[in-house]
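Chemist: What follows is a single structure, and I will ask about it in a moment.
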Amino acid sequence: ATAVLAATGAAGNSGSIDIEAGALLTVGDAFSETGGTLTLLGTLSAGSADFSGGRLALGGKLAAGQVTLEAAAAVQGFGTIDGALANAGTLLASGGTLEITGAVSGGGEIDIAAGAGLLLDGADSQTLRFAGAGGTLVLAAPAQVTGAIAGLALGDTLTLDGTSATAASAGFDSGSGLSTLAVTLAGGGTLDLALAGDYSGAIFTVTQAGADSVI
């Protein structure tokens, strides 16, 4: 049986809350985290969720219409953030795959730890960084990703969902410090992604996995 706790109004945490696997906490209004630690292995569902401080250890599902991560807060782990994310803090995908279903915006960045994965279902305007070897980044809507991809190295994987590509190459702009990864589409034209740093001498291979392109 699923353990369910419901709060009809707003709820918050500045100490310690553990939501175990299979458990559900529903908050009718806003959930706010101002400090302490929220360990989320089950599901937290709220109208909105604001993390102005503290730490979210994620291994389950956070569902909210709007999730706000401020500069003093940190999120680390895997699972699902189901909603739009405004991120000004530190978010680290680690221990598995982290999926974000809504648009990602804000001045922060999302890091991908060694061997971990990040799946973005929507648009993104902030930096996505490979922070260790063997990371995986899956873009379900690659044409809507305008933020730079940093730290891409041999052994990392970049997957473009629903994209049929034949080749990829990069040109470097010394003024911006960014490379443009031009992905040649089978139907004509290119899909351009920004890479932080000089990748003009790199060789990219593209393989097709069903309807997706893997770089």
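Ligands are numbered from 1 in the order shown, chains are lettered A, B, ... in the order of the structure tokens, and residues start at 1 in each chain.
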Pull the strand (DSSP E or B) assignments for range 29-187 of chain A out of DSSP run on the backbone, and list those residues as a count of residues only.

Modeler: 99

Chemist: Skip Ala131 in chain A itself and residues of its chain fewer than 5 positions away, then list as a VMD selection string all residues within 7 Å of it, counting only C-alpha atoms.

Modeler: chain A and resid 111 to 114 151

Chemist: Keeping N, CA, C and O atoms for every residue in the selection just given, could you write it to a file as a PDB file, in the first residue's frame?

Modeler:
ATOM      1  N   ASP A 111      24.655  19.986 -13.841  1.00  0.00           N
ATOM      2  CA  ASP A 111      25.837  19.159 -14.037  1.00  0.00           C
ATOM      3  C   ASP A 111      25.446  17.690 -14.109  1.00  0.00           C
ATOM      4  O   ASP A 111      24.495  17.245 -13.440  1.00  0.00           O
ATOM      5  N   ILE A 112      26.197  16.943 -14.910  1.00  0.00           N
ATOM      6  CA  ILE A 112      25.977  15.508 -15.049  1.00  0.00           C
ATOM      7  C   ILE A 112      27.199  14.792 -14.497  1.00  0.00           C
ATOM      8  O   ILE A 112      28.300  14.919 -15.031  1.00  0.00           O
ATOM      9  N   ALA A 113      27.025  14.066 -13.406  1.00  0.00           N
ATOM     10  CA  ALA A 113      28.144  13.365 -12.770  1.00  0.00           C
ATOM     11  C   ALA A 113      28.590  12.184 -13.623  1.00  0.00           C
ATOM     12  O   ALA A 113      27.901  11.750 -14.549  1.00  0.00           O
ATOM     13  N   ALA A 114      29.761  11.657 -13.323  1.00  0.00           N
ATOM     14  CA  ALA A 114      30.309  10.509 -14.052  1.00  0.00           C
ATOM     15  C   ALA A 114      29.319   9.356 -14.052  1.00  0.00           C
ATOM     16  O   ALA A 114      28.798   8.968 -13.002  1.00  0.00           O
ATOM     17  N   GLY A 151      31.917  20.706 -21.188  1.00  0.00           N
ATOM     18  CA  GLY A 151      32.594  19.513 -20.691  1.00  0.00           C
ATOM     19  C   GLY A 151      32.424  18.267 -21.522  1.00  0.00           C
ATOM     20  O   GLY A 151      32.821  17.179 -21.088  1.00  0.00           O
TER      21      GLY A 151
END

Chemist: From the set A:Glu20, A:Asp161, A:Asp212, A:Asp124, which residue has the shortest atom-to-atom contact distance to Leu85 in chain A, counting only C-alpha atoms?

Modeler: A:Asp124

Chemist: Name the closest residue to Leu195 in chain A among the candidates A:Gly59, A:Gly210, A:Gly147, A:Gly47; distances are taken between atoms, counting only C-alpha atoms.

Modeler: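 Ranked by minimum distance to Leu195 in chain A, first place goes to A:Gly147.
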
Chemist: Report as a list in words all protein, DNA and RNA residues lying within 7 Å of Ile100 in chain A, evaluated on only C-alpha atoms, omitting residues in the same chain fewer than 5 positions from it.

Modeler: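 Selected residues are Thr80, Ile81, Asp82, Leu119, Leu120 and Asp121 of chain A.
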
Chemist: Can you tell me, as a compact mmCIF listing (two decimals) with all heavy atoms, in the first residue's frame, what residues are no more than 12 Å from Leu92 in chain A when counting only C-alpha atoms, ignoring any on the same chain fewer than 2 positions away?

Modeler:
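Final file, out_35.txt:
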# COMPACT_ATOMS: atom_id res chain seq x y z
N ARG A 55 18.94 21.48 0.93
CA ARG A 55 19.37 20.45 -0.03
C ARG A 55 18.24 19.49 -0.30
O ARG A 55 17.55 19.03 0.62
CB ARG A 55 20.58 19.70 0.52
CG ARG A 55 21.09 18.56 -0.35
CD ARG A 55 22.36 17.96 0.22
NE ARG A 55 22.84 16.84 -0.56
CZ ARG A 55 22.53 15.58 -0.33
NH1 ARG A 55 21.75 15.28 0.70
NH2 ARG A 55 23.00 14.61 -1.08
N LEU A 56 18.03 19.18 -1.58
CA LEU A 56 17.10 18.14 -1.99
C LEU A 56 17.90 16.96 -2.48
O LEU A 56 18.64 17.06 -3.47
CB LEU A 56 16.17 18.65 -3.09
CG LEU A 56 15.32 17.59 -3.82
CD1 LEU A 56 14.41 16.86 -2.86
CD2 LEU A 56 14.51 18.23 -4.95
N ALA A 57 17.79 15.83 -1.78
CA ALA A 57 18.41 14.57 -2.22
C ALA A 57 17.32 13.79 -2.94
O ALA A 57 16.40 13.26 -2.32
CB ALA A 57 18.94 13.80 -1.02
N LEU A 58 17.43 13.76 -4.26
CA LEU A 58 16.34 13.25 -5.09
C LEU A 58 16.62 11.83 -5.56
O LEU A 58 17.69 11.54 -6.09
CB LEU A 58 16.15 14.16 -6.31
CG LEU A 58 15.03 13.82 -7.29
CD1 LEU A 58 13.68 13.87 -6.59
CD2 LEU A 58 15.05 14.78 -8.47
N ALA A 73 20.41 27.06 -2.78
CA ALA A 73 19.89 25.70 -2.67
C ALA A 73 20.68 24.74 -3.55
O ALA A 73 21.35 25.16 -4.50
CB ALA A 73 18.41 25.67 -3.05
N ALA A 74 20.57 23.45 -3.25
CA ALA A 74 21.26 22.43 -4.03
C ALA A 74 20.34 21.23 -4.22
O ALA A 74 19.64 20.82 -3.29
CB ALA A 74 22.55 21.99 -3.34
N VAL A 75 20.36 20.68 -5.41
CA VAL A 75 19.62 19.46 -5.72
C VAL A 75 20.59 18.45 -6.31
O VAL A 75 21.38 18.79 -7.20
CB VAL A 75 18.47 19.73 -6.71
CG1 VAL A 75 17.79 18.42 -7.10
CG2 VAL A 75 17.45 20.70 -6.12
N GLN A 76 20.53 17.23 -5.80
CA GLN A 76 21.42 16.19 -6.30
C GLN A 76 20.67 14.87 -6.34
O GLN A 76 19.92 14.54 -5.42
CB GLN A 76 22.65 16.05 -5.40
CG GLN A 76 23.61 14.95 -5.84
CD GLN A 76 24.88 14.91 -4.98
OE1 GLN A 76 25.22 15.88 -4.32
NE2 GLN A 76 25.56 13.78 -5.00
N GLY A 77 20.85 14.11 -7.44
CA GLY A 77 20.27 12.78 -7.49
C GLY A 77 19.71 12.44 -8.84
O GLY A 77 20.17 12.93 -9.87
N PHE A 78 18.68 11.59 -8.84
CA PHE A 78 18.08 11.08 -10.06
C PHE A 78 16.58 10.97 -9.84
O PHE A 78 16.07 11.24 -8.74
CB PHE A 78 18.68 9.72 -10.43
CG PHE A 78 18.47 8.66 -9.37
CD1 PHE A 78 17.41 7.78 -9.46
CD2 PHE A 78 19.34 8.56 -8.28
CE1 PHE A 78 17.19 6.82 -8.48
CE2 PHE A 78 19.14 7.60 -7.29
CZ PHE A 78 18.06 6.73 -7.40
N GLY A 79 15.86 10.59 -10.87
CA GLY A 79 14.41 10.53 -10.77
C GLY A 79 13.78 11.51 -11.73
O GLY A 79 14.27 11.70 -12.84
N ASN A 87 16.10 27.67 -12.52
CA ASN A 87 17.25 27.22 -11.74
C ASN A 87 18.32 28.31 -11.66
O ASN A 87 18.94 28.66 -12.64
CB ASN A 87 17.84 25.96 -12.38
CG ASN A 87 19.10 25.49 -11.69
OD1 ASN A 87 19.25 25.65 -10.48
ND2 ASN A 87 20.02 24.92 -12.45
N GLY A 89 20.48 27.83 -8.95
CA GLY A 89 21.33 27.18 -7.97
C GLY A 89 22.20 26.10 -8.58
O GLY A 89 22.64 26.19 -9.72
N THR A 90 22.44 25.05 -7.79
CA THR A 90 23.29 23.95 -8.19
C THR A 90 22.45 22.70 -8.30
O THR A 90 21.81 22.28 -7.34
CB THR A 90 24.41 23.72 -7.16
OG1 THR A 90 25.18 24.90 -7.03
CG2 THR A 90 25.31 22.57 -7.60
N SER A 94 23.03 12.63 -10.65
CA SER A 94 23.99 11.63 -10.19
C SER A 94 23.27 10.37 -9.74
O SER A 94 22.11 10.42 -9.35
CB SER A 94 24.83 12.18 -9.02
OG SER A 94 24.01 12.43 -7.89
N GLY A 95 23.96 9.24 -9.85
CA GLY A 95 23.42 7.99 -9.36
C GLY A 95 22.40 7.33 -10.27
O GLY A 95 21.85 6.29 -9.92
N GLY A 96 22.14 7.89 -11.43
CA GLY A 96 21.13 7.38 -12.35
C GLY A 96 20.79 8.46 -13.35
O GLY A 96 21.61 9.33 -13.65
N THR A 97 19.57 8.45 -13.85
CA THR A 97 19.12 9.44 -14.82
C THR A 97 18.12 10.39 -14.19
O THR A 97 17.16 9.95 -13.55
CB THR A 97 18.48 8.75 -16.04
OG1 THR A 97 19.45 7.95 -16.71
CG2 THR A 97 17.94 9.78 -17.03
N LEU A 98 18.34 11.67 -14.39
CA LEU A 98 17.42 12.71 -13.94
C LEU A 98 16.65 13.21 -15.14
O LEU A 98 17.24 13.65 -16.13
CB LEU A 98 18.19 13.86 -13.29
CG LEU A 98 17.36 15.10 -12.92
CD1 LEU A 98 16.31 14.75 -11.87
CD2 LEU A 98 18.26 16.22 -12.43
N GLU A 99 15.32 13.16 -15.06
CA GLU A 99 14.46 13.67 -16.13
C GLU A 99 13.77 14.94 -15.67
O GLU A 99 13.22 15.00 -14.57
CB GLU A 99 13.40 12.64 -16.52
CG GLU A 99 12.44 13.14 -17.60
CD GLU A 99 11.37 12.13 -17.99
OE1 GLU A 99 11.29 11.08 -17.31
OE2 GLU A 99 10.62 12.38 -18.96
N GLY A 108 21.52 29.44 -13.37
CA GLY A 108 22.33 28.35 -12.84
C GLY A 108 22.78 27.41 -13.94
O GLY A 108 22.75 27.75 -15.13
N GLU A 109 23.20 26.23 -13.55
CA GLU A 109 23.56 25.21 -14.52
C GLU A 109 23.22 23.84 -13.97
O GLU A 109 23.03 23.67 -12.76
CB GLU A 109 25.03 25.27 -14.92
CG GLU A 109 26.01 24.86 -13.84
CD GLU A 109 27.45 24.85 -14.36
OE1 GLU A 109 27.82 25.75 -15.12
OE2 GLU A 109 28.19 23.92 -13.98
N ILE A 110 23.12 22.88 -14.87
CA ILE A 110 22.88 21.50 -14.48
C ILE A 110 24.11 20.68 -14.82
O ILE A 110 24.58 20.71 -15.96
CB ILE A 110 21.65 20.93 -15.20
CG1 ILE A 110 20.42 21.79 -14.92
CG2 ILE A 110 21.40 19.49 -14.75
CD1 ILE A 110 19.17 21.35 -15.66
N ASP A 111 24.66 19.99 -13.84
CA ASP A 111 25.84 19.16 -14.04
C ASP A 111 25.45 17.69 -14.11
O ASP A 111 24.50 17.24 -13.44
CB ASP A 111 26.84 19.36 -12.90
CG ASP A 111 27.42 20.77 -12.88
OD1 ASP A 111 27.26 21.50 -13.88
OD2 ASP A 111 28.02 21.14 -11.86
N ILE A 112 26.20 16.94 -14.91
CA ILE A 112 25.98 15.51 -15.05
C ILE A 112 27.20 14.79 -14.50
O ILE A 112 28.30 14.92 -15.03
CB ILE A 112 25.77 15.12 -16.53
CG1 ILE A 112 24.62 15.94 -17.14
CG2 ILE A 112 25.47 13.63 -16.65
CD1 ILE A 112 24.54 15.82 -18.65
N ALA A 113 27.03 14.07 -13.41
CA ALA A 113 28.14 13.37 -12.77
C ALA A 113 28.59 12.18 -13.62
O ALA A 113 27.90 11.75 -14.55
CB ALA A 113 27.74 12.90 -11.38
N ALA A 114 29.76 11.66 -13.32
CA ALA A 114 30.31 10.51 -14.05
C ALA A 114 29.32 9.36 -14.05
O ALA A 114 28.80 8.97 -13.00
CB ALA A 114 31.62 10.07 -13.42
N ALA A 116 26.31 9.24 -15.00
CA ALA A 116 24.91 9.60 -14.79
C ALA A 116 24.30 10.12 -16.09
O ALA A 116 24.99 10.31 -17.10
CB ALA A 116 24.78 10.64 -13.69
N GLY A 117 22.99 10.33 -16.07
CA GLY A 117 22.30 10.81 -17.26
C GLY A 117 21.35 11.96 -16.94
O GLY A 117 20.86 12.09 -15.82
N LEU A 118 21.12 12.78 -17.96
CA LEU A 118 20.16 13.88 -17.87
C LEU A 118 19.26 13.81 -19.09
O LEU A 118 19.75 13.80 -20.22
CB LEU A 118 20.87 15.23 -17.80
CG LEU A 118 19.98 16.47 -17.83
CD1 LEU A 118 19.09 16.54 -16.59
CD2 LEU A 118 20.83 17.74 -17.94
N LEU A 128 24.47 23.23 -19.63
CA LEU A 128 24.42 21.82 -19.26
C LEU A 128 25.85 21.31 -19.30
O LEU A 128 26.52 21.38 -20.32
CB LEU A 128 23.54 21.05 -20.25
CG LEU A 128 22.15 21.63 -20.51
CD1 LEU A 128 21.45 20.89 -21.65
CD2 LEU A 128 21.30 21.58 -19.25
N ARG A 129 26.34 20.80 -18.16
CA ARG A 129 27.76 20.47 -18.05
C ARG A 129 28.00 18.99 -17.73
O ARG A 129 27.44 18.45 -16.77
CB ARG A 129 28.42 21.32 -16.95
CG ARG A 129 29.94 21.10 -16.79
CD ARG A 129 30.51 21.96 -15.69
NE ARG A 129 30.28 23.36 -15.93
CZ ARG A 129 31.02 24.13 -16.75
NH1 ARG A 129 32.04 23.61 -17.37
NH2 ARG A 129 30.72 25.40 -16.90
N PHE A 130 28.82 18.36 -18.56
CA PHE A 130 29.34 17.03 -18.23
C PHE A 130 30.43 17.21 -17.18
O PHE A 130 31.48 17.79 -17.45
CB PHE A 130 29.90 16.35 -19.46
CG PHE A 130 28.87 15.90 -20.46
CD1 PHE A 130 28.49 16.71 -21.52
CD2 PHE A 130 28.28 14.65 -20.33
CE1 PHE A 130 27.55 16.30 -22.44
CE2 PHE A 130 27.32 14.22 -21.25
CZ PHE A 130 26.96 15.04 -22.30
N ALA A 131 30.17 16.73 -15.96
CA ALA A 131 31.10 16.94 -14.84
C ALA A 131 31.93 15.71 -14.52
O ALA A 131 32.68 15.71 -13.54
CB ALA A 131 30.32 17.38 -13.60
N GLY A 132 31.80 14.67 -15.34
CA GLY A 132 32.58 13.46 -15.13
C GLY A 132 32.50 12.60 -16.37
O GLY A 132 31.72 12.86 -17.28
N GLY A 135 29.14 10.40 -19.05
CA GLY A 135 27.82 10.97 -18.84
C GLY A 135 26.96 10.87 -20.09
O GLY A 135 27.46 10.73 -21.21

Chemist: From the set A:Ile19, A:Val145, A:Leu91, A:Ala194, which residue has the shortest atom-to-atom contact distance to Ala170 in chain A, counting only C-alpha atoms?

Modeler: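 For Ala170 in chain A, the nearest of the candidates is A:Ala194.
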
Chemist: Which polymer residues have any atom within 10 Å of an atom of range 64-70 of chain A, counting only C-alpha atoms, with same-chain residues fewer than 6 positions away left out, as a PyMOL selection string?

Modeler: chain A and resi 27+29-34+44-54+81-91+102-108

Chemist: Calculated over only C-alpha atoms, which of the candidates A:Leu154, A:Ala133, A:Ala93, A:Val183 has the smallest distance to Val206 in chain A?

Modeler: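 Nearest to Val206 in chain A: A:Val183.
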
Chemist: Determine, counting only C-alpha atoms, which protein, DNA and RNA residues have an atom within 10 Å of an atom of Thr146 in chain A; residues of the same chain fewer than 4 positions away are not included. Present the result as a compact mmCIF listing (two decimals) with C-alpha atoms, in the first residue's frame.

Modeler:
# COMPACT_ATOMS: atom_id res chain seq x y z
CA ALA A 123 13.42 23.80 -23.84
CA ASP A 124 16.62 24.82 -22.07
CA SER A 125 18.41 28.18 -21.91
CA GLN A 126 21.13 27.46 -19.34
CA THR A 127 24.44 25.62 -19.32
CA PRO A 142 16.99 19.66 -29.31
CA ASP A 192 22.93 23.89 -34.29
CA LEU A 193 23.95 23.41 -30.67
CA ALA A 194 26.37 25.55 -28.63

Chemist: Please provide the set of residues having any atom within 9 Å of Thr207 in chain A, restricted to only C-alpha atoms, with same-chain residues fewer than 3 positions apart removed, written as a VMD selection string.

Modeler: chain A and resid 165 to 167 212 to 215

Chemist: Residues as selected, N, CA, C and O atoms, written as a compact mmCIF listing (two decimals), in the first residue's frame, can you do that?

Modeler:
# COMPACT_ATOMS: atom_id res chain seq x y z
N ALA A 165 20.05 12.32 -38.37
CA ALA A 165 21.24 13.09 -38.74
C ALA A 165 22.24 12.20 -39.46
O ALA A 165 22.27 10.98 -39.26
N THR A 166 23.07 12.83 -40.28
CA THR A 166 24.06 12.08 -41.04
C THR A 166 25.49 12.42 -40.66
O THR A 166 26.40 11.64 -40.90
N ALA A 167 25.71 13.61 -40.06
CA ALA A 167 27.07 14.03 -39.71
C ALA A 167 27.00 15.18 -38.72
O ALA A 167 25.92 15.75 -38.48
N ASP A 212 16.26 8.22 -33.24
CA ASP A 212 17.13 9.17 -32.55
C ASP A 212 18.55 9.14 -33.13
O ASP A 212 19.00 8.11 -33.63
N SER A 213 19.23 10.26 -32.99
CA SER A 213 20.64 10.35 -33.40
C SER A 213 21.52 10.41 -32.16
O SER A 213 21.22 11.15 -31.21
N VAL A 214 22.59 9.64 -32.16
CA VAL A 214 23.52 9.57 -31.04
C VAL A 214 24.87 10.09 -31.48
O VAL A 214 25.43 9.62 -32.48
N ILE A 215 25.41 11.08 -30.77
CA ILE A 215 26.69 11.70 -31.11
C ILE A 215 27.72 11.32 -30.05
O ILE A 215 27.44 11.44 -28.85

Chemist: What is the distance between CA of Asp173 in chain A and CA of Thr190 in chain A, in Å to one decimal?

Modeler: 17.8 Å

Chemist: Of the residues A:Gly35, A:Gly22, A:Gly197, A:Gly162, which is the one nearest to Lys61 in chain A, using only C-alpha atoms?

Modeler: A:Gly22

Chemist: Just give me the gap between CA of Gly175 in chain A and CA of Ala153 in chain A in Å, one decimal is fine.

Modeler: 22.1 Å

Chemist: I'd like to know which of A:Leu25, A:Leu139, A:Leu160, A:Leu152 is closest to Gln208 in chain A, using only C-alpha atoms.

Modeler: A:Leu160
